[in-house]
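Just query.pdb here, PDB, C-alpha atoms:
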MODEL        1
ATOM      1  CA  MET A  26      18.510  -5.036   5.292  1.00  0.00           C
ATOM      2  CA  TYR A  27      17.109  -3.447   2.118  1.00  0.00           C
ATOM      3  CA  ALA A  28      17.036  -6.770   0.294  1.00  0.00           C
ATOM      4  CA  GLN A  29      14.691  -8.281   2.870  1.00  0.00           C
ATOM      5  CA  LYS A  30      12.469  -5.222   2.931  1.00  0.00           C
ATOM      6  CA  ILE A  31      12.088  -5.106  -0.843  1.00  0.00           C
ATOM      7  CA  LYS A  32      11.096  -8.756  -0.901  1.00  0.00           C
ATOM      8  CA  GLN A  33       8.754  -8.218   2.045  1.00  0.00           C
ATOM      9  CA  ILE A  34       6.997  -5.344   0.249  1.00  0.00           C
ATOM     10  CA  ARG A  35       6.740  -7.368  -2.953  1.00  0.00           C
ATOM     11  CA  THR A  36       5.356 -10.378  -1.087  1.00  0.00           C
ATOM     12  CA  GLU A  37       2.874  -8.288   0.878  1.00  0.00           C
ATOM     13  CA  LEU A  38       1.540  -6.834  -2.370  1.00  0.00           C
ATOM     14  CA  ASN A  39       1.518 -10.252  -4.091  1.00  0.00           C
ATOM     15  CA  LEU A  40       3.796  -9.023  -6.863  1.00  0.00           C
ATOM     16  CA  SER A  41       6.299 -11.013  -8.856  1.00  0.00           C
ATOM     17  CA  VAL A  42       9.745  -9.528  -9.432  1.00  0.00           C
ATOM     18  CA  ALA A  43       8.696  -8.789 -13.004  1.00  0.00           C
ATOM     19  CA  LYS A  44       5.482  -7.053 -11.934  1.00  0.00           C
ATOM     20  CA  LEU A  45       7.277  -4.936  -9.316  1.00  0.00           C
ATOM     21  CA  ALA A  46       9.886  -3.923 -11.885  1.00  0.00           C
ATOM     22  CA  GLU A  47       7.144  -2.983 -14.332  1.00  0.00           C
ATOM     23  CA  LYS A  48       5.255  -0.923 -11.738  1.00  0.00           C
ATOM     24  CA  ILE A  49       8.284   1.134 -10.764  1.00  0.00           C
ATOM     25  CA  ASN A  50       9.729   1.229 -14.272  1.00  0.00           C
ATOM     26  CA  ILE A  51      13.108  -0.406 -13.716  1.00  0.00           C
ATOM     27  CA  PRO A  52      14.650  -3.560 -15.196  1.00  0.00           C
ATOM     28  CA  GLN A  53      13.653  -6.849 -13.610  1.00  0.00           C
ATOM     29  CA  ARG A  54      17.322  -7.773 -13.169  1.00  0.00           C
ATOM     30  CA  THR A  55      17.782  -4.662 -11.023  1.00  0.00           C
ATOM     31  CA  VAL A  56      14.997  -5.690  -8.630  1.00  0.00           C
ATOM     32  CA  SER A  57      16.474  -9.184  -8.489  1.00  0.00           C
ATOM     33  CA  ALA A  58      19.919  -7.771  -7.711  1.00  0.00           C
ATOM     34  CA  TYR A  59      18.451  -5.627  -4.921  1.00  0.00           C
ATOM     35  CA  GLU A  60      16.657  -8.650  -3.427  1.00  0.00           C
ATOM     36  CA  ARG A  61      19.834 -10.750  -3.569  1.00  0.00           C
ATOM     37  CA  ASN A  62      21.735  -7.902  -1.907  1.00  0.00           C
ATOM     38  CA  GLU A  63      24.059  -7.640  -4.904  1.00  0.00           C
ATOM     39  CA  ARG A  64      23.306  -3.933  -5.366  1.00  0.00           C
ATOM     40  CA  THR A  65      22.259  -1.118  -3.070  1.00  0.00           C
ATOM     41  CA  PRO A  66      18.936   0.450  -4.045  1.00  0.00           C
ATOM     42  CA  SER A  67      19.212   3.900  -5.562  1.00  0.00           C
ATOM     43  CA  ILE A  68      17.419   6.931  -4.160  1.00  0.00           C
ATOM     44  CA  GLU A  69      15.323   6.926  -7.356  1.00  0.00           C
ATOM     45  CA  PHE A  70      14.231   3.371  -6.607  1.00  0.00           C
ATOM     46  CA  LEU A  71      13.238   4.352  -3.077  1.00  0.00           C
ATOM     47  CA  ALA A  72      11.292   7.347  -4.371  1.00  0.00           C
ATOM     48  CA  GLN A  73       9.438   5.143  -6.862  1.00  0.00           C
ATOM     49  CA  MET A  74       8.652   2.530  -4.191  1.00  0.00           C
ATOM     50  CA  CYS A  75       7.300   5.197  -1.848  1.00  0.00           C
ATOM     51  CA  ASN A  76       5.302   7.100  -4.464  1.00  0.00           C
ATOM     52  CA  ILE A  77       3.881   4.286  -6.541  1.00  0.00           C
ATOM     53  CA  LEU A  78       3.427   1.604  -3.874  1.00  0.00           C
ATOM     54  CA  ASP A  79       2.769   4.010  -0.979  1.00  0.00           C
ATOM     55  CA  VAL A  80       5.654   2.560   1.044  1.00  0.00           C
ATOM     56  CA  ASN A  81       6.537   4.415   4.227  1.00  0.00           C
ATOM     57  CA  ALA A  82      10.079   5.745   3.694  1.00  0.00           C
ATOM     58  CA  ASN A  83      10.727   5.819   7.450  1.00  0.00           C
ATOM     59  CA  TRP A  84       9.942   2.112   7.676  1.00  0.00           C
ATOM     60  CA  PHE A  85      12.131   1.339   4.672  1.00  0.00           C
ATOM     61  CA  LEU A  86      15.135   3.394   5.791  1.00  0.00           C
ATOM     62  CA  ILE A  87      15.113   3.377   9.585  1.00  0.00           C
ATOM     63  CA  ASP A  88      12.516   0.763  10.543  1.00  0.00           C
ATOM     64  CA  LYS A  89      10.095   3.271  12.074  1.00  0.00           C
ATOM     65  CA  GLY A  90       6.346   3.061  11.560  1.00  0.00           C
ATOM     66  CA  ASP A  91       4.303   0.757   9.370  1.00  0.00           C
ATOM     67  CA  MET A  92       5.414  -0.714   6.064  1.00  0.00           C
ATOM     68  CA  PHE A  93       2.811   1.281   4.175  1.00  0.00           C
ATOM     69  CA  ASN A  94       1.480   4.755   4.688  1.00  0.00           C
ATOM     70  CA  PRO A  95      -1.773   4.732   6.696  1.00  0.00           C
ATOM     71  CA  LYS A  96      -4.053   5.207   3.699  1.00  0.00           C
ATOM     72  CA  THR A  97      -2.751   2.039   2.071  1.00  0.00           C
ATOM     73  CA  SER A  98      -2.969   0.044   5.303  1.00  0.00           C
ATOM     74  CA  GLU A  99      -6.571   1.138   5.830  1.00  0.00           C
ATOM     75  CA  LEU A 100      -7.527   0.269   2.258  1.00  0.00           C
ATOM     76  CA  ARG A 101      -5.852  -3.139   2.542  1.00  0.00           C
ATOM     77  CA  GLN A 102      -7.751  -3.853   5.773  1.00  0.00           C
ATOM     78  CA  PHE A 103     -11.033  -2.769   4.172  1.00  0.00           C
ATOM     79  CA  LYS A 104     -10.332  -4.993   1.151  1.00  0.00           C
ATOM     80  CA  ASP A 105      -9.568  -7.981   3.391  1.00  0.00           C
ATOM     81  CA  GLU A 106     -12.748  -7.446   5.413  1.00  0.00           C
ATOM     82  CA  LEU A 107     -14.831  -7.067   2.261  1.00  0.00           C
ATOM     83  CA  LEU A 108     -13.370 -10.243   0.736  1.00  0.00           C
ATOM     84  CA  SER A 109     -14.121 -12.112   3.942  1.00  0.00           C
ATOM     85  CA  GLU A 110     -17.749 -10.973   3.860  1.00  0.00           C
ATOM     86  CA  VAL A 111     -18.092 -11.949   0.201  1.00  0.00           C
ATOM     87  CA  ARG A 112     -16.703 -15.424   0.963  1.00  0.00           C
ATOM     88  CA  VAL A 113     -19.258 -15.875   3.752  1.00  0.00           C
ATOM     89  CA  MET A 114     -22.071 -14.859   1.403  1.00  0.00           C
ATOM     90  CA  LEU A 115     -20.857 -17.193  -1.350  1.00  0.00           C
ATOM     91  CA  LYS A 116     -20.641 -20.081   1.117  1.00  0.00           C
ATOM     92  CA  LYS A 117     -24.204 -19.397   2.344  1.00  0.00           C
ATOM     93  CA  GLU A 118     -25.434 -19.518  -1.234  1.00  0.00           C
ATOM     94  CA  GLY A 119     -23.559 -22.760  -1.852  1.00  0.00           C
ATOM     95  CA  ILE A 120     -21.445 -21.237  -4.588  1.00  0.00           C
ATOM     96  CA  ILE A 121     -18.174 -22.116  -2.856  1.00  0.00           C
ATOM     97  CA  ASN A 122     -17.266 -24.592  -0.135  1.00  0.00           C
TER      98      ASN A 122
ENDMDL
END

Would you write the structure of this file as structure tokens?
Amino acid sequence: MYAQKIKQIRTELNLSVAKLAEKINIPQRTVSAYERNERTPSIEFLAQMCNILDVNANWFLIDKGDMFNPKTSELRQFKDELLSEVRVMLKKEGIIN
């Protein structure tokens, strides 16, 4: 269960294993072991994921709520909408296809 969720978070944030490990200050091999379900994530790892990446601990532990805390979800939606608008503008100007 945790292995899939860690990979899902990493994928959602477009992070490599190395980049995730760097962000939460743990060895890359540890993240890889968690994702392969070879090790159980420590409470310190969970705390780092929640604090640094704004992961919802309820979602991670008991599958309740959204993956990210509301602030992060709202910012991600705003970013996606803004990028979409920029793409439309660039297409109108003939800068991209």

| request: Check what the PyMOL selection byres ((chain A and resi 51) around 12) selects in the file above and give those residues as a list in words. | output: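 In the shown coordinates, the PyMOL selection byres ((chain A and resi 51) around 12) covers Val42, Ala43, Lys44, Leu45, Ala46, Glu47, Lys48, Ile49, Asn50, Pro52, Gln53, Arg54, Thr55, Val56, Ser57, Ala58, Tyr59, Pro66, Ser67, Glu69, Phe70, Leu71, Gln73 and Met74 of chain A.
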
| field | Reference answer for the PyMOL selection byres ((chain A and resi 93) around 10), as a ChimeraX atom specification | value | /A:34,75,78-85,90-92,94-99,101

Using 5 Å of padding on each side, determine the axis-aligned box around all atoms of range 94-113 of chain A present in the file and give its centre and edge lengths in Å to one decimal, as lines of an AutoDock Vina configuration file.
center_x = -8.9
center_y = -5.3
center_z = 3.4
size_x = 30.7
size_y = 31.1
size_z = 16.5

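Across the structure, CA of Met26 in chain A and CA of Leu86 in chain A are spaced 9.1 Å apart.
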
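CA of Lys104 in chain A is positioned 16.7 Å from CA of Thr36 in chain A.
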
Could you rebuild range 36-65 of chain A with N, CA and C atoms and give it back as an mmCIF file, in the coordinates of the input?
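Result went into selection.cif, see below:
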data_model
loop_
_atom_site.group_PDB
_atom_site.id
_atom_site.type_symbol
_atom_site.label_atom_id
_atom_site.label_comp_id
_atom_site.auth_asym_id
_atom_site.auth_seq_id
_atom_site.Cartn_x
_atom_site.Cartn_y
_atom_site.Cartn_z
ATOM 1 N N THR A 36 6.174 -9.257 -1.536
ATOM 2 C CA THR A 36 5.356 -10.378 -1.087
ATOM 3 C C THR A 36 4.028 -9.889 -0.515
ATOM 4 N N GLU A 37 4.088 -8.847 0.275
ATOM 5 C CA GLU A 37 2.874 -8.288 0.878
ATOM 6 C C GLU A 37 1.882 -7.830 -0.185
ATOM 7 N N LEU A 38 2.391 -7.313 -1.281
ATOM 8 C CA LEU A 38 1.540 -6.834 -2.370
ATOM 9 C C LEU A 38 1.237 -7.912 -3.412
ATOM 10 N N ASN A 39 1.727 -9.126 -3.162
ATOM 11 C CA ASN A 39 1.518 -10.252 -4.091
ATOM 12 C C ASN A 39 2.007 -9.933 -5.504
ATOM 13 N N LEU A 40 3.211 -9.370 -5.569
ATOM 14 C CA LEU A 40 3.796 -9.023 -6.863
ATOM 15 C C LEU A 40 4.982 -9.935 -7.175
ATOM 16 N N SER A 41 5.100 -10.313 -8.415
ATOM 17 C CA SER A 41 6.299 -11.013 -8.856
ATOM 18 C C SER A 41 7.410 -9.972 -9.025
ATOM 19 N N VAL A 42 8.638 -10.446 -9.171
ATOM 20 C CA VAL A 42 9.745 -9.528 -9.432
ATOM 21 C C VAL A 42 9.464 -8.750 -10.715
ATOM 22 N N ALA A 43 8.980 -9.438 -11.718
ATOM 23 C CA ALA A 43 8.696 -8.789 -13.004
ATOM 24 C C ALA A 43 7.618 -7.716 -12.856
ATOM 25 N N LYS A 44 6.578 -8.006 -12.101
ATOM 26 C CA LYS A 44 5.482 -7.053 -11.934
ATOM 27 C C LYS A 44 5.935 -5.833 -11.126
ATOM 28 N N LEU A 45 6.746 -6.060 -10.092
ATOM 29 C CA LEU A 45 7.277 -4.936 -9.316
ATOM 30 C C LEU A 45 8.145 -4.051 -10.210
ATOM 31 N N ALA A 46 9.007 -4.671 -10.976
ATOM 32 C CA ALA A 46 9.886 -3.923 -11.885
ATOM 33 C C ALA A 46 9.064 -3.095 -12.868
ATOM 34 N N GLU A 47 8.015 -3.689 -13.384
ATOM 35 C CA GLU A 47 7.144 -2.983 -14.332
ATOM 36 C C GLU A 47 6.465 -1.788 -13.658
ATOM 37 N N LYS A 48 5.958 -1.994 -12.450
ATOM 38 C CA LYS A 48 5.255 -0.923 -11.738
ATOM 39 C C LYS A 48 6.150 0.276 -11.454
ATOM 40 N N ILE A 49 7.412 0.014 -11.113
ATOM 41 C CA ILE A 49 8.284 1.134 -10.764
ATOM 42 C C ILE A 49 9.245 1.500 -11.896
ATOM 43 N N ASN A 50 9.029 0.866 -13.042
ATOM 44 C CA ASN A 50 9.729 1.229 -14.272
ATOM 45 C C ASN A 50 11.255 1.082 -14.183
ATOM 46 N N ILE A 51 11.679 -0.075 -13.713
ATOM 47 C CA ILE A 51 13.108 -0.406 -13.716
ATOM 48 C C ILE A 51 13.263 -1.822 -14.246
ATOM 49 N N PRO A 52 14.455 -2.195 -14.684
ATOM 50 C CA PRO A 52 14.650 -3.560 -15.196
ATOM 51 C C PRO A 52 14.439 -4.615 -14.104
ATOM 52 N N GLN A 53 13.891 -5.732 -14.521
ATOM 53 C CA GLN A 53 13.653 -6.849 -13.610
ATOM 54 C C GLN A 53 14.954 -7.306 -12.954
ATOM 55 N N ARG A 54 16.037 -7.318 -13.712
ATOM 56 C CA ARG A 54 17.322 -7.773 -13.169
ATOM 57 C C ARG A 54 17.804 -6.860 -12.035
ATOM 58 N N THR A 55 17.404 -5.594 -12.085
ATOM 59 C CA THR A 55 17.782 -4.662 -11.023
ATOM 60 C C THR A 55 17.058 -5.014 -9.728
ATOM 61 N N VAL A 56 15.759 -5.272 -9.826
ATOM 62 C CA VAL A 56 14.997 -5.690 -8.630
ATOM 63 C C VAL A 56 15.592 -6.972 -8.075
ATOM 64 N N SER A 57 15.883 -7.924 -8.935
ATOM 65 C CA SER A 57 16.474 -9.184 -8.489
ATOM 66 C C SER A 57 17.809 -8.950 -7.785
ATOM 67 N N ALA A 58 18.625 -8.082 -8.328
ATOM 68 C CA ALA A 58 19.919 -7.771 -7.711
ATOM 69 C C ALA A 58 19.734 -7.117 -6.348
ATOM 70 N N TYR A 59 18.741 -6.242 -6.221
ATOM 71 C CA TYR A 59 18.451 -5.627 -4.921
ATOM 72 C C TYR A 59 18.031 -6.698 -3.915
ATOM 73 N N GLU A 60 17.152 -7.610 -4.336
ATOM 74 C CA GLU A 60 16.657 -8.650 -3.427
ATOM 75 C C GLU A 60 17.743 -9.649 -3.039
ATOM 76 N N ARG A 61 18.724 -9.839 -3.893
ATOM 77 C CA ARG A 61 19.834 -10.750 -3.569
ATOM 78 C C ARG A 61 20.966 -10.012 -2.856
ATOM 79 N N ASN A 62 20.751 -8.745 -2.596
ATOM 80 C CA ASN A 62 21.735 -7.902 -1.907
ATOM 81 C C ASN A 62 23.029 -7.761 -2.703
ATOM 82 N N GLU A 63 22.905 -7.809 -4.022
ATOM 83 C CA GLU A 63 24.059 -7.640 -4.904
ATOM 84 C C GLU A 63 24.278 -6.174 -5.258
ATOM 85 N N ARG A 64 23.235 -5.369 -5.098
ATOM 86 C CA ARG A 64 23.306 -3.933 -5.366
ATOM 87 C C ARG A 64 22.548 -3.200 -4.279
ATOM 88 N N THR A 65 22.970 -1.975 -4.018
ATOM 89 C CA THR A 65 22.259 -1.118 -3.070
ATOM 90 C C THR A 65 21.212 -0.326 -3.840
#
